[in-house]
Amino acid sequence: MTIYFTAANDDAAAAALKSAPSGDETVTSEITPSGDAFTALIELVWGKSLDELSDDEAERSGVATTLTEGIARLGDALVEALADRDQGELEDLAGPWADQVPALKDDEHLVDFLGNLQHLSRNAKASGGGVYAVETFS
């Protein structure tokens with residue numbers, strides 16, 4: 001299970017290793033930022049495969065950067081792109097996303113996930129922080 005959350009900076013995000021984030025500013029999902037499903041989402045957002053991005057572009061465009069084992073930071077460009085999209089655009093991503101990743105068959109679940117991730121992205125953008133993910137094992 002992965003918990004997506006906002007934090008002011010990398011040091012604040014690292015606290016999630018000691019105490020899992022909870023509350024309104026979290027999203028819990030089976031979708032991990034290092035998995036194929038998240039890669040497919042990034043490729044849909046940018047309209048091209050990760051292979052077409054340089055390493056620097058990939059990091060800025062949304063490939064999660066591992067801060068330390070168990071914690072990742074989503075790319076600033078992805079956070080900004082999700083924050084700036086309207087609900088209709090997010091709903092339009094869910095169908096093709098489910099088609100690319102057979103394990104994600106429930107479009108409504110994906111729309112909810114995208115909407116929740118957008119909420120985190122907007123809050124992170126407004127506060128100057130970032131969106132992070134921590135994998136839990138409970």
# chains A, B, ... in the order shown; residues from 1 in each chain; ligands from 1

call {"tool": "closest_atom_pairs", "arguments": {"of": "segment 76-130 of chain A", "to": "segment 37-48 of chain A", "cutoff": "7 Å", "atoms": "only C-alpha atoms", "output": "JSON lines"}}
result
{"residue": "A:Leu93", "atom": "CA", "partner": "A:Leu44", "partner_atom": "CA", "distance": 7.0}
{"residue": "A:Trp97", "atom": "CA", "partner": "A:Leu41", "partner_atom": "CA", "distance": 6.3}
{"residue": "A:Gln100", "atom": "CA", "partner": "A:Ala40", "partner_atom": "CA", "distance": 6.8}
{"residue": "A:Val101", "atom": "CA", "partner": "A:Ala37", "partner_atom": "CA", "distance": 6.0}

call {"tool": "residues_around", "arguments": {"residues": "Asn123 of chain A", "least_positions_apart": "6", "cutoff": "12 Å", "atoms": "only C-alpha atoms", "output": "ChimeraX atom specification"}}
result
/A:5-8,24-26,79-80,82-84,116-117,129-131

call {"tool": "closest_residue", "arguments": {"among": "A:Arg122, A:His109, A:Tyr4, A:Asp11", "to": "Thr28 of chain A", "atoms": "only C-alpha atoms"}}
result
A:Tyr4

call {"tool": "residues_around", "arguments": {"residues": "Leu110 of chain A", "least_positions_apart": "5", "cutoff": "8 Å", "atoms": "only C-alpha atoms", "output": "list in words"}}
result
Ala94, Ala98 and Leu104 of chain A

call {"tool": "residues_around", "arguments": {"residues": "Ala81 of chain A", "least_positions_apart": "3", "cutoff": "9 Å", "atoms": "only C-alpha atoms", "output": "tab-separated table (two decimals) with N, CA, C and O atoms, in the first residue's frame"}}
result
chain	number	residue	atom	x	y	z
A	45	VAL	N	0.02	11.64	-19.30
A	45	VAL	CA	0.03	13.08	-19.00
A	45	VAL	C	0.87	13.84	-20.00
A	45	VAL	O	0.49	14.90	-20.51
A	46	TRP	N	2.04	13.29	-20.36
A	46	TRP	CA	2.96	14.00	-21.25
A	46	TRP	C	2.78	13.65	-22.72
A	46	TRP	O	3.33	14.31	-23.58
A	61	SER	N	9.65	15.82	-15.33
A	61	SER	CA	8.33	15.53	-15.90
A	61	SER	C	7.48	14.61	-15.05
A	61	SER	O	6.32	14.42	-15.34
A	76	ASP	N	8.19	17.75	-9.98
A	76	ASP	CA	7.50	19.03	-9.88
A	76	ASP	C	6.63	19.33	-11.10
A	76	ASP	O	5.54	19.88	-10.97
A	77	ALA	N	7.10	18.96	-12.28
A	77	ALA	CA	6.32	19.23	-13.50
A	77	ALA	C	5.04	18.40	-13.51
A	77	ALA	O	3.99	18.87	-13.96
A	78	LEU	N	5.10	17.16	-13.03
A	78	LEU	CA	3.90	16.33	-12.95
A	78	LEU	C	2.92	16.93	-11.95
A	78	LEU	O	1.72	17.02	-12.23
A	84	ASP	N	-3.00	21.77	-12.58
A	84	ASP	CA	-3.57	22.69	-13.57
A	84	ASP	C	-4.65	22.07	-14.45
A	84	ASP	O	-5.35	22.80	-15.16
A	85	ARG	N	-4.81	20.76	-14.43
A	85	ARG	CA	-5.83	20.11	-15.27
A	85	ARG	C	-7.20	20.30	-14.67
A	85	ARG	O	-7.35	20.37	-13.45
A	118	GLN	N	-4.74	15.17	-7.67
A	118	GLN	CA	-4.83	16.57	-8.07
A	118	GLN	C	-4.98	17.47	-6.85
A	118	GLN	O	-4.35	18.52	-6.76
A	121	SER	N	-1.73	17.82	-5.29
A	121	SER	CA	-0.86	18.62	-6.16
A	121	SER	C	-1.18	20.11	-6.04
A	121	SER	O	-0.28	20.94	-5.98

call {"tool": "atom_distance", "arguments": {"atom1": "atom CA of Thr136 of chain A", "atom2": "atom CA of Leu50 of chain A"}}
result
26.4 Å

call {"tool": "closest_residue", "arguments": {"among": "A:Thr2, A:Ser49, A:Ser29, A:Ser22", "to": "Ile71 of chain A", "atoms": "only C-alpha atoms"}}
result
A:Thr2

call {"tool": "select_by_dssp", "arguments": {"residues": "segment 16-114 of chain A", "states": "helix (DSSP H, G or I)", "output": "PyMOL selection string"}}
result
chain A and resi 16-17+36-46+50-52+55-61+76-84+87-100+107-114
